[in-house]
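What's in coords11.pdb: PDB, C-alpha atoms, pLDDT in the B column
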```pdb
ATOM      1  CA  MET H   1       0.000   0.000   0.000  1.00 86.00           C
ATOM      2  CA  LEU H   2       2.894   2.363   0.754  1.00 89.00           C
ATOM      3  CA  SER H   3       4.245   1.968  -2.758  1.00 92.00           C
ATOM      4  CA  ARG H   4       0.763   2.616  -4.177  1.00 94.00           C
ATOM      5  CA  VAL H   5       0.587   5.956  -2.352  1.00 94.00           C
ATOM      6  CA  SER H   6       4.039   6.878  -3.647  1.00 94.00           C
ATOM      7  CA  ASP H   7       3.228   5.738  -7.197  1.00 94.00           C
ATOM      8  CA  THR H   8      -0.054   7.672  -7.230  1.00 94.00           C
ATOM      9  CA  LEU H   9       1.669  10.867  -6.123  1.00 95.00           C
ATOM     10  CA  ARG H  10       4.454  10.303  -8.648  1.00 95.00           C
ATOM     11  CA  GLU H  11       1.833  10.139 -11.412  1.00 95.00           C
ATOM     12  CA  ARG H  12      -0.268  13.079 -10.223  1.00 94.00           C
ATOM     13  CA  GLN H  13       2.543  15.186  -8.728  1.00 94.00           C
ATOM     14  CA  ARG H  14       0.058  16.651  -6.177  1.00 93.00           C
ATOM     15  CA  ALA H  15      -3.024  15.331  -4.419  1.00 93.00           C
ATOM     16  CA  SER H  16      -5.039  15.866  -1.262  1.00 92.00           C
ATOM     17  CA  VAL H  17      -5.359  13.191   1.405  1.00 93.00           C
ATOM     18  CA  ILE H  18      -8.997  12.631   0.484  1.00 92.00           C
ATOM     19  CA  GLU H  19      -8.149  12.276  -3.239  1.00 92.00           C
ATOM     20  CA  LEU H  20      -5.503   9.694  -2.418  1.00 95.00           C
ATOM     21  CA  ALA H  21      -7.842   7.813  -0.081  1.00 95.00           C
ATOM     22  CA  ARG H  22     -10.547   7.647  -2.746  1.00 95.00           C
ATOM     23  CA  SER H  23      -8.091   6.625  -5.437  1.00 94.00           C
ATOM     24  CA  LEU H  24      -6.634   3.855  -3.273  1.00 95.00           C
ATOM     25  CA  GLU H  25      -9.988   2.784  -1.790  1.00 95.00           C
ATOM     26  CA  SER H  26      -8.673   3.468   1.692  1.00 95.00           C
ATOM     27  CA  THR H  27      -9.416   5.791   4.592  1.00 95.00           C
ATOM     28  CA  PRO H  28      -7.918   9.243   5.042  1.00 93.00           C
ATOM     29  CA  ASP H  29      -6.383   8.161   8.376  1.00 94.00           C
ATOM     30  CA  ALA H  30      -4.606   5.201   6.772  1.00 96.00           C
ATOM     31  CA  VAL H  31      -3.307   7.401   3.956  1.00 96.00           C
ATOM     32  CA  LYS H  32      -2.108  10.047   6.443  1.00 95.00           C
ATOM     33  CA  GLY H  33      -0.016   7.431   8.231  1.00 96.00           C
ATOM     34  CA  MET H  34       1.624   6.356   4.997  1.00 96.00           C
ATOM     35  CA  LEU H  35       2.195   9.944   3.926  1.00 97.00           C
ATOM     36  CA  ALA H  36       3.864  10.684   7.273  1.00 96.00           C
ATOM     37  CA  LEU H  37       6.303   7.824   6.690  1.00 97.00           C
ATOM     38  CA  LEU H  38       6.991   8.920   3.108  1.00 96.00           C
ATOM     39  CA  GLU H  39       7.488  12.493   4.314  1.00 96.00           C
ATOM     40  CA  ARG H  40      10.072  11.368   6.900  1.00 97.00           C
ATOM     41  CA  LYS H  41      11.892   9.535   4.109  1.00 95.00           C
ATOM     42  CA  GLY H  42      11.867  12.694   1.968  1.00 96.00           C
ATOM     43  CA  ARG H  43       9.754  11.188  -0.814  1.00 95.00           C
ATOM     44  CA  VAL H  44       6.747  13.496  -0.397  1.00 96.00           C
ATOM     45  CA  ARG H  45       6.186  16.876   1.163  1.00 95.00           C
ATOM     46  CA  ARG H  46       3.119  18.514   2.596  1.00 94.00           C
ATOM     47  CA  LEU H  47       2.253  21.774   0.932  1.00 91.00           C
ATOM     48  CA  PRO H  48       1.304  24.784   3.030  1.00 85.00           C
ATOM     49  CA  GLY H  49      -2.425  25.413   3.370  1.00 69.00           C
ATOM     50  CA  GLY H  50      -4.195  28.410   2.018  1.00 47.00           C
ATOM     51  CA  ALA H  51      -5.609  27.045  -1.238  1.00 54.00           C
ATOM     52  CA  CYS H  52      -9.078  27.231   0.274  1.00 54.00           C
ATOM     53  CA  GLY H  53     -11.455  30.065  -0.444  1.00 54.00           C
ATOM     54  CA  GLY H  54     -12.608  30.061   3.175  1.00 56.00           C
ATOM     55  CA  CYS H  55     -16.227  28.885   2.832  1.00 61.00           C
ATOM     56  CA  GLY H  56     -15.738  26.322   5.606  1.00 60.00           C
ATOM     57  CA  LYS H  57     -17.294  23.425   3.679  1.00 63.00           C
ATOM     58  CA  CYS H  58     -14.042  21.532   3.142  1.00 63.00           C
ATOM     59  CA  GLY H  59     -12.889  18.903   5.577  1.00 59.00           C
ATOM     60  CA  ALA H  60      -9.354  18.934   6.957  1.00 55.00           C
ATOM     61  CA  SER H  61      -8.366  16.053   4.649  1.00 54.00           C
ATOM     62  CA  ASP H  62      -9.446  18.079   1.613  1.00 60.00           C
ATOM     63  CA  LEU H  63      -7.015  20.824   2.583  1.00 78.00           C
ATOM     64  CA  GLU H  64      -4.001  18.601   3.257  1.00 89.00           C
ATOM     65  CA  VAL H  65      -2.182  18.513  -0.066  1.00 93.00           C
ATOM     66  CA  TYR H  66       1.011  16.576  -0.682  1.00 95.00           C
ATOM     67  CA  GLU H  67       3.385  16.588  -3.598  1.00 94.00           C
ATOM     68  CA  TYR H  68       5.860  14.036  -4.841  1.00 95.00           C
ATOM     69  CA  ALA H  69       9.452  14.911  -3.936  1.00 94.00           C
ATOM     70  CA  GLY H  70      11.321  12.047  -5.649  1.00 86.00           C
ATOM     71  CA  ASP H  71      12.907   8.773  -4.632  1.00 76.00           C
TER      72      ASP H  71
END
```
Can you give me the file's structure in the form of structure tokens?
Amino acid sequence: MLSRVSDTLRERQRASVIELARSLESTPDAVKGMLALLERKGRVRRLPGGACGGCGKCGASDLEVYEYAGD
């Protein structure tokens, strides 16, 4: 599953936690754990927030966006 998260981000370059969870048929919490491990290894990085327009309808997982950082 860890390699699937990495491969998906490699293909898309950027994705939110919820997009990854849907794509991998997993839960946001499971994906967050894998992203944390990949981030510690330097393979992905979390992008700063602020892409939201501020309506308040988005969940926290929608706003957490990660990008592929390489192998």
If the PyMOL selection byres ((chain H and resi 34-45) around 8) were run on this exact file, what residues would it hold? Put them as a short mmCIF file (atom, residue, chain, number, x, y, z; two decimals) with C-alpha atoms, in the coordinates of the input.
```cif
data_model
loop_
_atom_site.label_atom_id
_atom_site.label_comp_id
_atom_site.auth_asym_id
_atom_site.auth_seq_id
_atom_site.Cartn_x
_atom_site.Cartn_y
_atom_site.Cartn_z
CA LEU H 2 2.89 2.36 0.75
CA VAL H 5 0.59 5.96 -2.35
CA SER H 6 4.04 6.88 -3.65
CA ALA H 30 -4.61 5.20 6.77
CA VAL H 31 -3.31 7.40 3.96
CA LYS H 32 -2.11 10.05 6.44
CA GLY H 33 -0.02 7.43 8.23
CA ARG H 46 3.12 18.51 2.60
CA LEU H 47 2.25 21.77 0.93
CA TYR H 66 1.01 16.58 -0.68
CA GLU H 67 3.38 16.59 -3.60
CA TYR H 68 5.86 14.04 -4.84
CA ALA H 69 9.45 14.91 -3.94
CA GLY H 70 11.32 12.05 -5.65
CA ASP H 71 12.91 8.77 -4.63
#
```
- Note on the structure: The residue from H:Ala15, H:Leu9, H:Ser3, H:Ser23 with the smallest atom-to-atom distance to Leu63 (chain H), counting all atoms listed in the file, is H:Ala15
- Two-atom distance - CA of Val65 (chain H), CA of Arg14 (chain H) (Å): 6.8 Å
- Task: Enter the distance from CA of Arg22 (chain H) to CA of Thr8 (chain H), in Å, rounded to one decimal.
- Result: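 It comes out at 11.4 Å.
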- Item | Å distance separating CA of Glu64 (chain H) from CA of Thr27 (chain H), one decimal place |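 Interatomic distance, CA of Glu64 (chain H) to CA of Thr27 (chain H): 14.0 Å.
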Could you give me the centre and size, in Å to one decimal, of an axis-aligned box around all listed atoms of region 64-70 of chain H with 6 Å added on every side, as AutoDock Vina command-line options?
```
--center_x 3.7 --center_y 15.3 --center_z -1.2 --size_x 27.3 --size_y 18.6 --size_z 20.9
```
